[in-house]
Amino acid sequence: QGQLVESGGGLVQPGGSLLLSCTASRSVFSRATMGWYRQAPGKQREFVARIISDLRKFYADSVKGRFIISRDNAKNTVYLQMNNLQPEDSGLYFCNARIGPNDAWGQGTQVTVSS
């Protein structure tokens, strides 16, 4: 379903912020709902956030009030603004594009929160 390219991961201290970006092909982005998932070592991949529209956004309870998902349709890009990061937020963050029953995934970008 096309390539998803993530960027923006890195090492940040507790309480810090990062902005993740994911760009998709136009043919995918125009038809998909976009989301973010993460996977910590030894754990299953878990849902973080999904955006259906500017008025319909969903978040995992663990990130509500700290993370903001948004999309720029002109740039075919979805963002995840992560604030007040904590060590438990560390992991590999994956971009997801969902069209009907089909999912496409990016390669992941590493987020490490450590002092």
# chains A, B, ... in the order shown; residues from 1 in each chain; ligands from 1
>>> residues_around(residues="Thr109 in chain A", least_positions_apart="4", cutoff="7 Å", atoms="only C-alpha atoms", output="count of residues only")
6
>>> select_by_dssp(residues="chain A", states="strand (DSSP E)", output="ChimeraX atom specification")
/A:4-7,10-12,18-24,33-39,46-53,56-59,67-72,77-82,91-99,102-105,109-113
>>> closest_residue(among="A:Ala40, A:Ile68, A:Leu20, A:Val5", to="Ala97 in chain A", atoms="only C-alpha atoms")
A:Val5
>>> select_by_dssp(residues="chain A", states="helix (DSSP H, G or I)", output="number ranges by chain")
A: 26-29, 87-89
>>> atom_distance(atom1="CA of Trp36 in chain A", atom2="CA of Leu80 in chain A")
7.6 Å
>>> residues_around(residues="Leu19 in chain A", least_positions_apart="5", cutoff="7 Å", atoms="only C-alpha atoms", output="list in words")
Gly8, Tyr79, Leu80, Gln81 and Met82 of chain A
>>> write_last_selection(atoms="N, CA, C and O atoms", output="PDB file, in the first residue's frame")
ATOM      1  N   GLY A   8      12.262  11.774  13.138  1.00  0.00           N
ATOM      2  CA  GLY A   8      12.070  12.588  14.326  1.00  0.00           C
ATOM      3  C   GLY A   8      12.393  11.929  15.646  1.00  0.00           C
ATOM      4  O   GLY A   8      12.346  12.578  16.689  1.00  0.00           O
ATOM      5  N   TYR A  79       1.815  13.783  12.003  1.00  0.00           N
ATOM      6  CA  TYR A  79       2.766  14.145  13.038  1.00  0.00           C
ATOM      7  C   TYR A  79       2.323  13.572  14.390  1.00  0.00           C
ATOM      8  O   TYR A  79       1.141  13.366  14.632  1.00  0.00           O
ATOM      9  N   LEU A  80       3.299  13.384  15.256  1.00  0.00           N
ATOM     10  CA  LEU A  80       3.005  13.051  16.634  1.00  0.00           C
ATOM     11  C   LEU A  80       3.890  13.935  17.511  1.00  0.00           C
ATOM     12  O   LEU A  80       5.111  13.736  17.579  1.00  0.00           O
ATOM     13  N   GLN A  81       3.262  14.941  18.115  1.00  0.00           N
ATOM     14  CA  GLN A  81       3.977  15.805  19.040  1.00  0.00           C
ATOM     15  C   GLN A  81       3.932  15.146  20.415  1.00  0.00           C
ATOM     16  O   GLN A  81       2.841  14.912  20.955  1.00  0.00           O
ATOM     17  N   MET A  82       5.090  14.859  20.960  1.00  0.00           N
ATOM     18  CA  MET A  82       5.176  14.155  22.238  1.00  0.00           C
ATOM     19  C   MET A  82       5.795  15.083  23.272  1.00  0.00           C
ATOM     20  O   MET A  82       6.942  15.527  23.105  1.00  0.00           O
TER      21      MET A  82
END
>>> residues_around(residues="range 99-108 of chain A", least_positions_apart="4", cutoff="12 Å", atoms="only C-alpha atoms", output="PyMOL selection string")
chain A and resi 1-10+20-25+27-40+45+52+91-95
>>> write_last_selection(atoms="N, CA, C and O atoms", output="short mmCIF file (atom, residue, chain, number, x, y, z; two decimals), in the first residue's frame")
data_model
loop_
_atom_site.label_atom_id
_atom_site.label_comp_id
_atom_site.auth_asym_id
_atom_site.auth_seq_id
_atom_site.Cartn_x
_atom_site.Cartn_y
_atom_site.Cartn_z
N GLN A 1 0.81 -1.20 0.00
CA GLN A 1 0.00 0.00 0.00
C GLN A 1 0.84 1.25 0.00
O GLN A 1 0.37 2.33 0.31
N GLY A 2 2.13 1.13 -0.35
CA GLY A 2 2.95 2.31 -0.42
C GLY A 2 3.88 2.44 0.75
O GLY A 2 3.72 1.81 1.78
N GLN A 3 4.84 3.31 0.58
CA GLN A 3 5.90 3.45 1.56
C GLN A 3 5.55 4.53 2.56
O GLN A 3 5.04 5.59 2.22
N LEU A 4 5.83 4.23 3.83
CA LEU A 4 5.68 5.20 4.91
C LEU A 4 7.07 5.47 5.45
O LEU A 4 7.81 4.54 5.77
N VAL A 5 7.43 6.72 5.56
CA VAL A 5 8.77 7.10 6.01
C VAL A 5 8.64 7.95 7.27
O VAL A 5 8.09 9.05 7.22
N GLU A 6 9.16 7.41 8.38
CA GLU A 6 9.12 8.12 9.65
C GLU A 6 10.43 8.85 9.90
O GLU A 6 11.48 8.46 9.40
N SER A 7 10.34 9.90 10.71
CA SER A 7 11.52 10.62 11.15
C SER A 7 11.21 11.32 12.46
O SER A 7 10.03 11.44 12.84
N GLY A 8 12.26 11.77 13.14
CA GLY A 8 12.07 12.59 14.33
C GLY A 8 12.39 11.93 15.65
O GLY A 8 12.35 12.58 16.69
N GLY A 9 12.71 10.65 15.64
CA GLY A 9 13.06 10.00 16.88
C GLY A 9 14.40 10.47 17.41
O GLY A 9 15.12 11.22 16.74
N GLY A 10 14.73 10.03 18.62
CA GLY A 10 16.01 10.41 19.20
C GLY A 10 16.06 10.17 20.68
O GLY A 10 15.18 9.51 21.25
N LEU A 20 7.51 13.56 15.98
CA LEU A 20 7.67 12.52 14.97
C LEU A 20 6.88 12.91 13.73
O LEU A 20 5.80 13.49 13.83
N SER A 21 7.42 12.55 12.57
CA SER A 21 6.75 12.80 11.30
C SER A 21 6.69 11.51 10.51
O SER A 21 7.58 10.67 10.61
N CYS A 22 5.66 11.38 9.70
CA CYS A 22 5.52 10.22 8.82
C CYS A 22 4.90 10.71 7.51
O CYS A 22 3.80 11.26 7.51
N THR A 23 5.62 10.47 6.43
CA THR A 23 5.14 10.88 5.12
C THR A 23 4.78 9.66 4.29
O THR A 23 5.52 8.67 4.27
N ALA A 24 3.63 9.74 3.65
CA ALA A 24 3.16 8.64 2.81
C ALA A 24 2.97 9.13 1.38
O ALA A 24 2.99 10.33 1.11
N SER A 25 2.79 8.19 0.48
CA SER A 25 2.46 8.57 -0.89
C SER A 25 1.07 9.19 -0.90
O SER A 25 0.23 8.90 -0.04
N SER A 27 -1.38 8.65 -2.85
CA SER A 27 -2.45 7.68 -3.09
C SER A 27 -2.85 6.96 -1.81
O SER A 27 -4.00 6.56 -1.64
N VAL A 28 -1.89 6.79 -0.92
CA VAL A 28 -2.19 6.16 0.38
C VAL A 28 -2.79 7.17 1.33
O VAL A 28 -3.84 6.94 1.94
N PHE A 29 -2.14 8.32 1.45
CA PHE A 29 -2.52 9.30 2.47
C PHE A 29 -3.94 9.79 2.26
O PHE A 29 -4.67 10.03 3.22
N SER A 30 -4.35 9.95 1.02
CA SER A 30 -5.67 10.51 0.75
C SER A 30 -6.81 9.55 1.12
O SER A 30 -7.95 9.98 1.29
N ARG A 31 -6.50 8.27 1.25
CA ARG A 31 -7.54 7.28 1.53
C ARG A 31 -7.45 6.67 2.92
O ARG A 31 -8.35 5.94 3.34
N ALA A 32 -6.36 6.94 3.62
CA ALA A 32 -6.08 6.22 4.87
C ALA A 32 -6.41 7.04 6.11
O ALA A 32 -6.34 8.27 6.08
N THR A 33 -6.74 6.30 7.19
CA THR A 33 -6.64 6.92 8.50
C THR A 33 -5.22 6.61 8.97
O THR A 33 -4.69 5.53 8.71
N MET A 34 -4.61 7.58 9.64
CA MET A 34 -3.22 7.46 10.01
C MET A 34 -3.08 7.32 11.52
O MET A 34 -3.85 7.93 12.28
N GLY A 35 -2.09 6.54 11.93
CA GLY A 35 -1.91 6.33 13.35
C GLY A 35 -0.46 6.09 13.70
O GLY A 35 0.41 5.98 12.83
N TRP A 36 -0.24 6.04 15.00
CA TRP A 36 1.09 5.73 15.55
C TRP A 36 0.96 4.60 16.57
O TRP A 36 0.01 4.58 17.36
N TYR A 37 1.92 3.71 16.52
CA TYR A 37 2.03 2.62 17.48
C TYR A 37 3.47 2.62 18.00
O TYR A 37 4.35 3.24 17.41
N ARG A 38 3.68 1.91 19.09
CA ARG A 38 5.05 1.80 19.61
C ARG A 38 5.28 0.41 20.18
O ARG A 38 4.33 -0.28 20.56
N GLN A 39 6.55 0.05 20.23
CA GLN A 39 6.91 -1.26 20.75
C GLN A 39 8.18 -1.12 21.58
O GLN A 39 9.22 -0.69 21.06
N ALA A 40 8.07 -1.48 22.84
CA ALA A 40 9.23 -1.49 23.72
C ALA A 40 9.87 -2.87 23.68
O ALA A 40 9.20 -3.86 23.34
N ARG A 45 3.60 -4.67 20.33
CA ARG A 45 3.31 -3.37 19.75
C ARG A 45 1.99 -2.87 20.31
O ARG A 45 1.01 -3.62 20.38
N ILE A 52 -8.59 10.48 12.49
CA ILE A 52 -9.55 10.28 11.42
C ILE A 52 -9.78 11.61 10.71
O ILE A 52 -9.82 11.67 9.48
N GLY A 91 10.78 3.46 23.06
CA GLY A 91 10.45 2.34 22.20
C GLY A 91 10.62 2.70 20.75
O GLY A 91 11.02 3.82 20.41
N LEU A 92 10.28 1.75 19.91
CA LEU A 92 10.30 1.96 18.47
C LEU A 92 8.89 2.41 18.05
O LEU A 92 7.92 1.68 18.30
N TYR A 93 8.81 3.57 17.46
CA TYR A 93 7.52 4.14 17.09
C TYR A 93 7.27 3.91 15.60
O TYR A 93 8.11 4.26 14.75
N PHE A 94 6.11 3.34 15.31
CA PHE A 94 5.74 2.98 13.94
C PHE A 94 4.57 3.83 13.47
O PHE A 94 3.57 4.01 14.18
N CYS A 95 4.67 4.28 12.26
CA CYS A 95 3.56 4.93 11.58
C CYS A 95 2.68 3.86 10.93
O CYS A 95 3.19 2.85 10.42
#
>>> closest_atom_pairs(of="range 15-44 of chain A", to="range 84-89 of chain A", cutoff="8 Å", atoms="only C-alpha atoms", output="Markdown table")
| residue | atom | partner | partner_atom | distance |
| --- | --- | --- | --- | --- |
| A:Gly15 | CA | A:Asn84 | CA | 4.0 |
| A:Gly16 | CA | A:Asn84 | CA | 5.3 |
| A:Ser17 | CA | A:Asn84 | CA | 6.1 |
>>> closest_residue(among="A:Phe67, A:Lys57, A:Leu18, A:Arg50", to="Arg98 in chain A", atoms="only C-alpha atoms")
A:Arg50
>>> decode(residues="range 84-96 of chain A", atoms="all heavy atoms", output="compact mmCIF listing (two decimals), in the first residue's frame")
# COMPACT_ATOMS: atom_id res chain seq x y z
N ASN A 84 6.35 16.13 27.59
CA ASN A 84 6.53 15.54 28.92
C ASN A 84 6.84 14.04 28.82
O ASN A 84 6.23 13.21 29.48
CB ASN A 84 5.28 15.76 29.77
CG ASN A 84 5.49 15.41 31.23
OD1 ASN A 84 6.62 15.39 31.73
ND2 ASN A 84 4.40 15.13 31.93
N LEU A 85 7.81 13.73 28.01
CA LEU A 85 8.17 12.33 27.79
C LEU A 85 8.75 11.70 29.05
O LEU A 85 9.48 12.36 29.82
CB LEU A 85 9.17 12.22 26.65
CG LEU A 85 8.55 12.37 25.25
CD1 LEU A 85 9.59 12.74 24.22
CD2 LEU A 85 7.82 11.10 24.86
N GLN A 86 8.42 10.44 29.24
CA GLN A 86 8.88 9.68 30.39
C GLN A 86 9.61 8.42 29.92
O GLN A 86 9.42 7.98 28.78
CB GLN A 86 7.70 9.32 31.28
CG GLN A 86 6.91 10.52 31.79
CD GLN A 86 7.78 11.47 32.62
OE1 GLN A 86 8.56 11.02 33.47
NE2 GLN A 86 7.64 12.76 32.38
N PRO A 87 10.43 7.84 30.76
CA PRO A 87 11.16 6.63 30.34
C PRO A 87 10.26 5.53 29.79
O PRO A 87 10.67 4.82 28.86
CB PRO A 87 11.86 6.20 31.64
CG PRO A 87 12.08 7.48 32.38
CD PRO A 87 10.86 8.31 32.10
N GLU A 88 9.06 5.42 30.30
CA GLU A 88 8.17 4.37 29.82
C GLU A 88 7.64 4.66 28.41
O GLU A 88 6.98 3.80 27.82
CB GLU A 88 6.99 4.17 30.79
CG GLU A 88 6.22 5.43 31.12
CD GLU A 88 6.72 6.10 32.40
OE1 GLU A 88 7.94 6.02 32.68
OE2 GLU A 88 5.89 6.73 33.09
N ASP A 89 7.91 5.83 27.89
CA ASP A 89 7.54 6.14 26.51
C ASP A 89 8.59 5.65 25.51
O ASP A 89 8.38 5.73 24.30
CB ASP A 89 7.36 7.66 26.32
CG ASP A 89 6.20 8.22 27.12
OD1 ASP A 89 5.12 7.60 27.09
OD2 ASP A 89 6.37 9.28 27.75
N SER A 90 9.69 5.17 26.00
CA SER A 90 10.76 4.70 25.12
C SER A 90 10.30 3.51 24.29
O SER A 90 9.54 2.67 24.77
CB SER A 90 11.98 4.30 25.95
OG SER A 90 12.52 5.40 26.64
N GLY A 91 10.78 3.46 23.06
CA GLY A 91 10.45 2.34 22.20
C GLY A 91 10.62 2.70 20.75
O GLY A 91 11.02 3.82 20.41
N LEU A 92 10.28 1.75 19.91
CA LEU A 92 10.30 1.96 18.47
C LEU A 92 8.89 2.41 18.05
O LEU A 92 7.92 1.68 18.30
CB LEU A 92 10.71 0.67 17.76
CG LEU A 92 11.11 0.76 16.30
CD1 LEU A 92 12.28 1.72 16.13
CD2 LEU A 92 11.49 -0.63 15.78
N TYR A 93 8.81 3.57 17.46
CA TYR A 93 7.52 4.14 17.09
C TYR A 93 7.27 3.91 15.60
O TYR A 93 8.11 4.26 14.75
CB TYR A 93 7.49 5.64 17.40
CG TYR A 93 7.23 5.92 18.86
CD1 TYR A 93 8.17 5.60 19.83
CD2 TYR A 93 6.03 6.48 19.28
CE1 TYR A 93 7.93 5.83 21.18
CE2 TYR A 93 5.77 6.71 20.62
CZ TYR A 93 6.73 6.39 21.56
OH TYR A 93 6.47 6.62 22.90
N PHE A 94 6.11 3.34 15.31
CA PHE A 94 5.74 2.98 13.94
C PHE A 94 4.57 3.83 13.47
O PHE A 94 3.57 4.01 14.18
CB PHE A 94 5.32 1.52 13.87
CG PHE A 94 6.42 0.54 14.19
CD1 PHE A 94 6.59 0.08 15.48
CD2 PHE A 94 7.25 0.07 13.19
CE1 PHE A 94 7.59 -0.83 15.78
CE2 PHE A 94 8.26 -0.84 13.48
CZ PHE A 94 8.43 -1.28 14.78
N CYS A 95 4.67 4.28 12.26
CA CYS A 95 3.56 4.93 11.58
C CYS A 95 2.68 3.86 10.93
O CYS A 95 3.19 2.85 10.42
CB CYS A 95 4.13 5.88 10.52
SG CYS A 95 2.89 6.75 9.55
N ASN A 96 1.38 4.09 10.96
CA ASN A 96 0.43 3.13 10.40
C ASN A 96 -0.55 3.86 9.49
O ASN A 96 -1.06 4.93 9.84
CB ASN A 96 -0.33 2.44 11.53
CG ASN A 96 -1.51 1.64 11.04
OD1 ASN A 96 -2.64 2.15 11.00
ND2 ASN A 96 -1.27 0.40 10.68
